[in-house]
>>> print(open('run-v3.txt').read())   # compact mmCIF, C-alpha atoms
# COMPACT_ATOMS: atom_id res chain seq x y z
CA MET L 1 -5.53 10.14 -16.23
CA GLU L 2 -6.51 10.98 -19.79
CA GLU L 3 -4.41 8.04 -21.04
CA ASP L 4 -6.19 5.70 -18.61
CA LEU L 5 -9.60 6.82 -19.88
CA LYS L 6 -8.57 6.11 -23.47
CA LEU L 7 -7.33 2.65 -22.49
CA VAL L 8 -10.55 1.90 -20.58
CA LYS L 9 -12.68 2.91 -23.57
CA ALA L 10 -10.55 0.80 -25.89
CA ILE L 11 -10.83 -2.22 -23.58
CA LEU L 12 -14.60 -1.82 -23.33
CA ASN L 13 -14.65 -1.82 -27.15
CA GLY L 14 -12.83 -5.18 -27.19
CA ASN L 15 -9.17 -4.16 -27.52
CA ILE L 16 -7.21 -6.72 -25.46
CA ASP L 17 -3.87 -5.00 -26.18
CA SER L 18 -5.10 -1.98 -24.26
CA PHE L 19 -5.77 -4.19 -21.25
CA ASN L 20 -2.19 -5.50 -21.44
CA ILE L 21 -0.93 -1.92 -21.45
CA LEU L 22 -3.05 -1.17 -18.39
CA VAL L 23 -1.75 -4.28 -16.60
CA ASN L 24 1.86 -3.35 -17.39
CA LYS L 25 1.26 0.18 -16.15
CA TYR L 26 -0.29 -0.77 -12.79
CA GLU L 27 1.03 -4.25 -11.97
CA LEU L 28 4.06 -3.22 -9.90
CA PHE L 29 2.09 -0.41 -8.24
CA ILE L 30 -0.62 -2.85 -7.11
CA LEU L 31 1.84 -5.60 -6.16
CA LYS L 32 3.76 -3.19 -3.93
CA PHE L 33 0.55 -1.96 -2.28
CA VAL L 34 -0.74 -5.50 -1.66
CA TYR L 35 2.62 -6.70 -0.32
CA ASN L 36 2.73 -3.78 2.11
CA MET L 37 -0.70 -4.81 3.37
CA ILE L 38 -0.21 -8.55 3.85
CA LYS L 39 3.58 -9.13 3.92
CA ASP L 40 3.50 -12.37 1.94
CA ARG L 41 5.09 -12.33 -1.50
CA GLU L 42 3.26 -15.32 -3.03
CA ALA L 43 -0.12 -14.21 -1.71
CA ALA L 44 0.57 -10.67 -2.93
CA GLU L 45 1.25 -11.97 -6.43
CA ASP L 46 -1.95 -14.05 -6.37
CA ILE L 47 -4.02 -11.15 -5.06
CA THR L 48 -2.55 -8.84 -7.71
CA GLN L 49 -3.72 -11.29 -10.38
CA GLU L 50 -7.17 -11.37 -8.78
CA VAL L 51 -7.25 -7.56 -8.85
CA PHE L 52 -6.68 -7.54 -12.60
CA ILE L 53 -9.24 -10.27 -13.21
CA THR L 54 -11.80 -8.29 -11.21
CA LEU L 55 -10.76 -5.10 -12.96
CA TYR L 56 -11.34 -6.70 -16.36
CA ASN L 57 -14.71 -8.16 -15.37
CA LYS L 58 -15.95 -4.98 -13.67
CA LEU L 59 -14.40 -2.36 -15.93
CA TYR L 60 -17.81 -1.29 -17.17
CA LEU L 61 -18.57 -0.11 -13.61
CA TYR L 62 -15.66 2.39 -13.54
CA ASN L 63 -16.87 5.97 -13.06
CA SER L 64 -14.60 8.28 -15.06
CA LYS L 65 -15.16 11.25 -12.75
CA TYR L 66 -12.73 9.53 -10.34
CA LYS L 67 -9.06 8.71 -10.87
CA PHE L 68 -8.61 5.27 -12.40
CA SER L 69 -5.62 4.53 -10.14
CA ASN L 70 -7.79 5.14 -7.07
CA TRP L 71 -10.44 2.75 -8.37
CA VAL L 72 -7.80 0.07 -8.95
CA LEU L 73 -6.43 0.63 -5.43
CA GLN L 74 -9.93 0.26 -4.00
CA ILE L 75 -10.22 -3.13 -5.68
CA ALA L 76 -6.77 -4.12 -4.34
CA ARG L 77 -7.69 -2.94 -0.84
CA ASN L 78 -10.90 -4.97 -0.88
CA LYS L 79 -9.03 -8.07 -2.07
CA CYS L 80 -6.52 -7.62 0.79
CA ILE L 81 -9.31 -7.27 3.32
CA ASP L 82 -10.93 -10.45 1.97
CA TYR L 83 -7.61 -12.28 2.23
CA ILE L 84 -6.97 -11.08 5.80
CA ARG L 85 -10.48 -12.05 6.86
CA LYS L 86 -10.09 -15.46 5.27
CA TYR L 87 -6.78 -16.23 6.92
CA LYS L 88 -7.39 -14.23 10.12
CA ARG L 89 -3.88 -12.86 10.30
CA VAL L 90 -1.48 -10.44 8.72
CA TYR L 91 1.91 -11.86 7.97
CA GLU L 92 4.83 -10.29 9.74
CA ALA L 93 7.35 -8.70 7.47
CA ASN L 94 10.25 -10.90 6.59
CA LEU L 95 13.01 -8.35 6.60
CA GLU L 96 15.15 -10.60 4.43
CA ASP L 97 12.32 -10.77 1.88
CA ALA L 98 12.00 -7.00 1.58
CA ARG L 99 14.26 -5.11 -0.80
CA GLU L 100 17.60 -4.19 0.67
CA LEU L 101 17.74 -0.43 0.79
CA VAL L 102 21.18 0.11 2.26
CA SER L 103 24.15 1.09 0.19
CA ASN L 104 27.42 -0.85 0.30
CA GLU L 105 29.20 2.43 1.06
CA ILE L 106 27.73 2.99 4.52
CA SER L 107 29.49 1.96 7.68
CA PRO L 108 28.45 -1.08 9.74
CA GLU L 109 27.24 1.29 12.49
CA GLN L 110 25.04 3.18 10.04
CA ARG L 111 23.73 -0.10 8.64
CA MET L 112 22.84 -1.32 12.14
CA GLU L 113 21.12 1.97 12.99
CA PHE L 114 19.18 1.82 9.71
CA LYS L 115 18.10 -1.77 10.47
CA GLU L 116 17.00 -0.82 14.00
CA THR L 117 15.05 2.17 12.71
CA LYS L 118 13.41 0.07 10.01
CA GLU L 119 12.38 -2.55 12.60
CA ILE L 120 10.95 0.15 14.88
CA ILE L 121 8.92 1.63 12.02
CA GLN L 122 7.70 -1.79 10.87
CA GLY L 123 6.75 -2.70 14.44
CA PHE L 124 4.75 0.50 14.78
CA ILE L 125 2.94 0.01 11.46
CA ASN L 126 2.15 -3.64 12.26
CA ASN L 127 0.45 -2.57 15.51
CA LEU L 128 -1.81 0.03 13.88
CA ASN L 129 -5.45 -0.78 13.20
CA ASP L 130 -6.24 -1.66 9.57
CA ILE L 131 -7.51 1.77 8.52
CA ASP L 132 -4.56 3.68 9.99
CA LYS L 133 -2.15 1.15 8.50
CA GLN L 134 -3.74 1.63 5.07
CA ILE L 135 -3.54 5.42 5.39
CA ILE L 136 0.17 5.27 6.28
CA ILE L 137 0.95 2.80 3.48
CA LEU L 138 -0.95 4.78 0.86
CA ARG L 139 0.61 8.06 2.01
CA TYR L 140 4.23 6.86 2.16
CA SER L 141 4.54 3.84 -0.13
CA GLU L 142 2.21 5.03 -2.87
CA GLU L 143 2.72 8.77 -2.20
CA LEU L 144 -0.97 9.56 -2.61
CA THR L 145 -2.69 12.78 -1.54
CA PHE L 146 -5.13 12.86 1.37
CA LEU L 147 -7.95 13.38 -1.13
CA ASP L 148 -6.96 10.27 -3.08
CA ILE L 149 -6.66 8.24 0.11
CA ALA L 150 -10.08 9.47 1.25
CA GLU L 151 -11.57 8.37 -2.08
CA ILE L 152 -9.97 4.91 -1.86
CA LEU L 153 -11.03 4.33 1.75
CA ASN L 154 -14.51 5.86 1.33
CA MET L 155 -13.84 8.42 4.05
CA SER L 156 -13.87 12.20 4.20
CA GLU L 157 -10.57 13.93 3.53
CA SER L 158 -10.67 15.55 6.99
CA ALA L 159 -11.14 12.12 8.65
CA VAL L 160 -8.12 10.78 6.76
CA LYS L 161 -6.01 13.79 7.78
CA ARG L 162 -7.10 13.50 11.40
CA ARG L 163 -6.20 9.81 11.54
CA TYR L 164 -2.91 10.41 9.72
CA TYR L 165 -1.75 13.19 12.03
CA LYS L 166 -2.86 11.26 15.11
CA ALA L 167 -0.88 8.20 13.94
CA ARG L 168 2.11 10.40 13.15
CA ASP L 169 2.06 11.92 16.63
CA LYS L 170 1.78 8.44 18.17
CA PHE L 171 4.76 7.36 16.08
CA LYS L 172 6.93 10.23 17.33
CA THR L 173 6.31 9.16 20.93
CA PHE L 174 6.69 5.46 20.08
CA PHE L 175 9.96 6.10 18.21
CA MET L 176 11.50 8.19 20.98
CA ASP L 177 10.55 5.56 23.58
CA LYS L 178 12.07 2.74 21.48
CA ARG L 179 15.27 4.68 20.83
CA GLU L 180 15.62 5.32 24.56
CA GLN L 181 15.08 1.61 25.28
CA ILE L 182 17.76 0.67 22.76
CA LYS L 183 20.26 3.22 24.13
CA GLY L 184 19.50 2.10 27.70
CA VAL L 185 20.36 -1.52 26.90
>>> encode(input="run-v3.txt", output="structure tokens")
Amino acid sequence: MEEDLKLVKAILNGNIDSFNILVNKYELFILKFVYNMIKDREAAEDITQEVFITLYNKLYLYNSKYKFSNWVLQIARNKCIDYIRKYKRVYEANLEDARELVSNEISPEQRMEFKETKEIIQGFINNLNDIDKQIIILRYSEELTFLDIAEILNMSESAVKRRYYKARDKFKTFFMDKREQIKGV
């Protein structure tokens, strides 16, 4: 956080190299977050660029009492919302497009079970409302604390926790039902 503040001050004083450092530090982080929200690689790359353009133009508005990473994520979240509103849909995940997480050393049965589980999880996340989806993505993909998520989403920490635990409980039921359906087939 201290390093980010130094970079912000340097950028505001005209140091372009500091902005490049900031972009390099956060680019993959933002790209991953945006992709998890909209599920379209090209759009995610475009939105990530827009985030950094906005960040550069609005850097003077950053309040240093908050984490810089949370401020950047707020910008990214707003850009995703704008995109979704503009195109009126969220792209379904292309499982072939996502990184392959399975090892070559696992058995075909384990690979199939992993794929089924991944599809169940993705199906659940895709059916959540936007706020709950953002909470889950920020919690698991970005590994943020409830306090950080609350700051990004402009909600109270207790509201974020309540929604998170409610979604988690729904998922347990959803997952067990899906697994039973698969075994019953």
>>> residues_around(input="run-v3.txt", residues="stretch 47-54 of chain L", least_positions_apart="2", cutoff="12 Å", atoms="all atoms listed in the file", output="ChimeraX atom specification")
/L:19-35,37-45,56-62,71-84
>>> closest_residue(input="run-v3.txt", among="L:Leu7, L:Leu153, L:Ile135, L:Leu147", to="L:Lys166", atoms="all atoms listed in the file")
L:Ile135
>>> axis_aligned_box(input="run-v3.txt", around="stretch 11-28 of chain L", padding_each_side="8 Å", output="AutoDock Vina command-line options")
--center_x -5.3 --center_y -3.3 --center_z -18.7 --size_x 34.7 --size_y 22.9 --size_z 33.6
>>> atom_distance(input="run-v3.txt", atom1="atom CA of L:Ser64", atom2="atom CA of L:Leu5")
7.1 Å
>>> residues_near_point(input="run-v3.txt", point="(4.5, 0.3, 9.3)", cutoff="7 Å", atoms="all atoms listed in the file", output="PyMOL selection string")
chain L and resi 121-126+133
>>> atom_distance(input="run-v3.txt", atom1="atom CA of L:Leu55", atom2="atom CA of L:Glu3")
16.7 Å
>>> atom_distance(input="run-v3.txt", atom1="atom CA of L:Tyr165", atom2="atom CA of L:Glu119")
21.2 Å
>>> closest_residue(input="run-v3.txt", among="L:Val160, L:Thr173, L:Gln134, L:Tyr66", to="L:Phe146", atoms="all atoms listed in the file")
L:Val160
>>> closest_residue(input="run-v3.txt", among="L:Ile11, L:Ile136, L:Met176, L:Leu144", to="L:Tyr164", atoms="all atoms listed in the file")
L:Ile136
>>> residues_around(input="run-v3.txt", residues="L:Ala167", least_positions_apart="4", cutoff="8 Å", atoms="all atoms listed in the file", output="VMD selection string")
chain L and resid 132 163 171
>>> residues_around(input="run-v3.txt", residues="L:Asn70", least_positions_apart="6", cutoff="8 Å", atoms="all atoms listed in the file", output="PyMOL selection string")
chain L and resi 148-149+151-152
>>> closest_residue(input="run-v3.txt", among="L:Ile120, L:Asn36, L:Ala10, L:Tyr87", to="L:Ser141", atoms="all atoms listed in the file")
L:Asn36
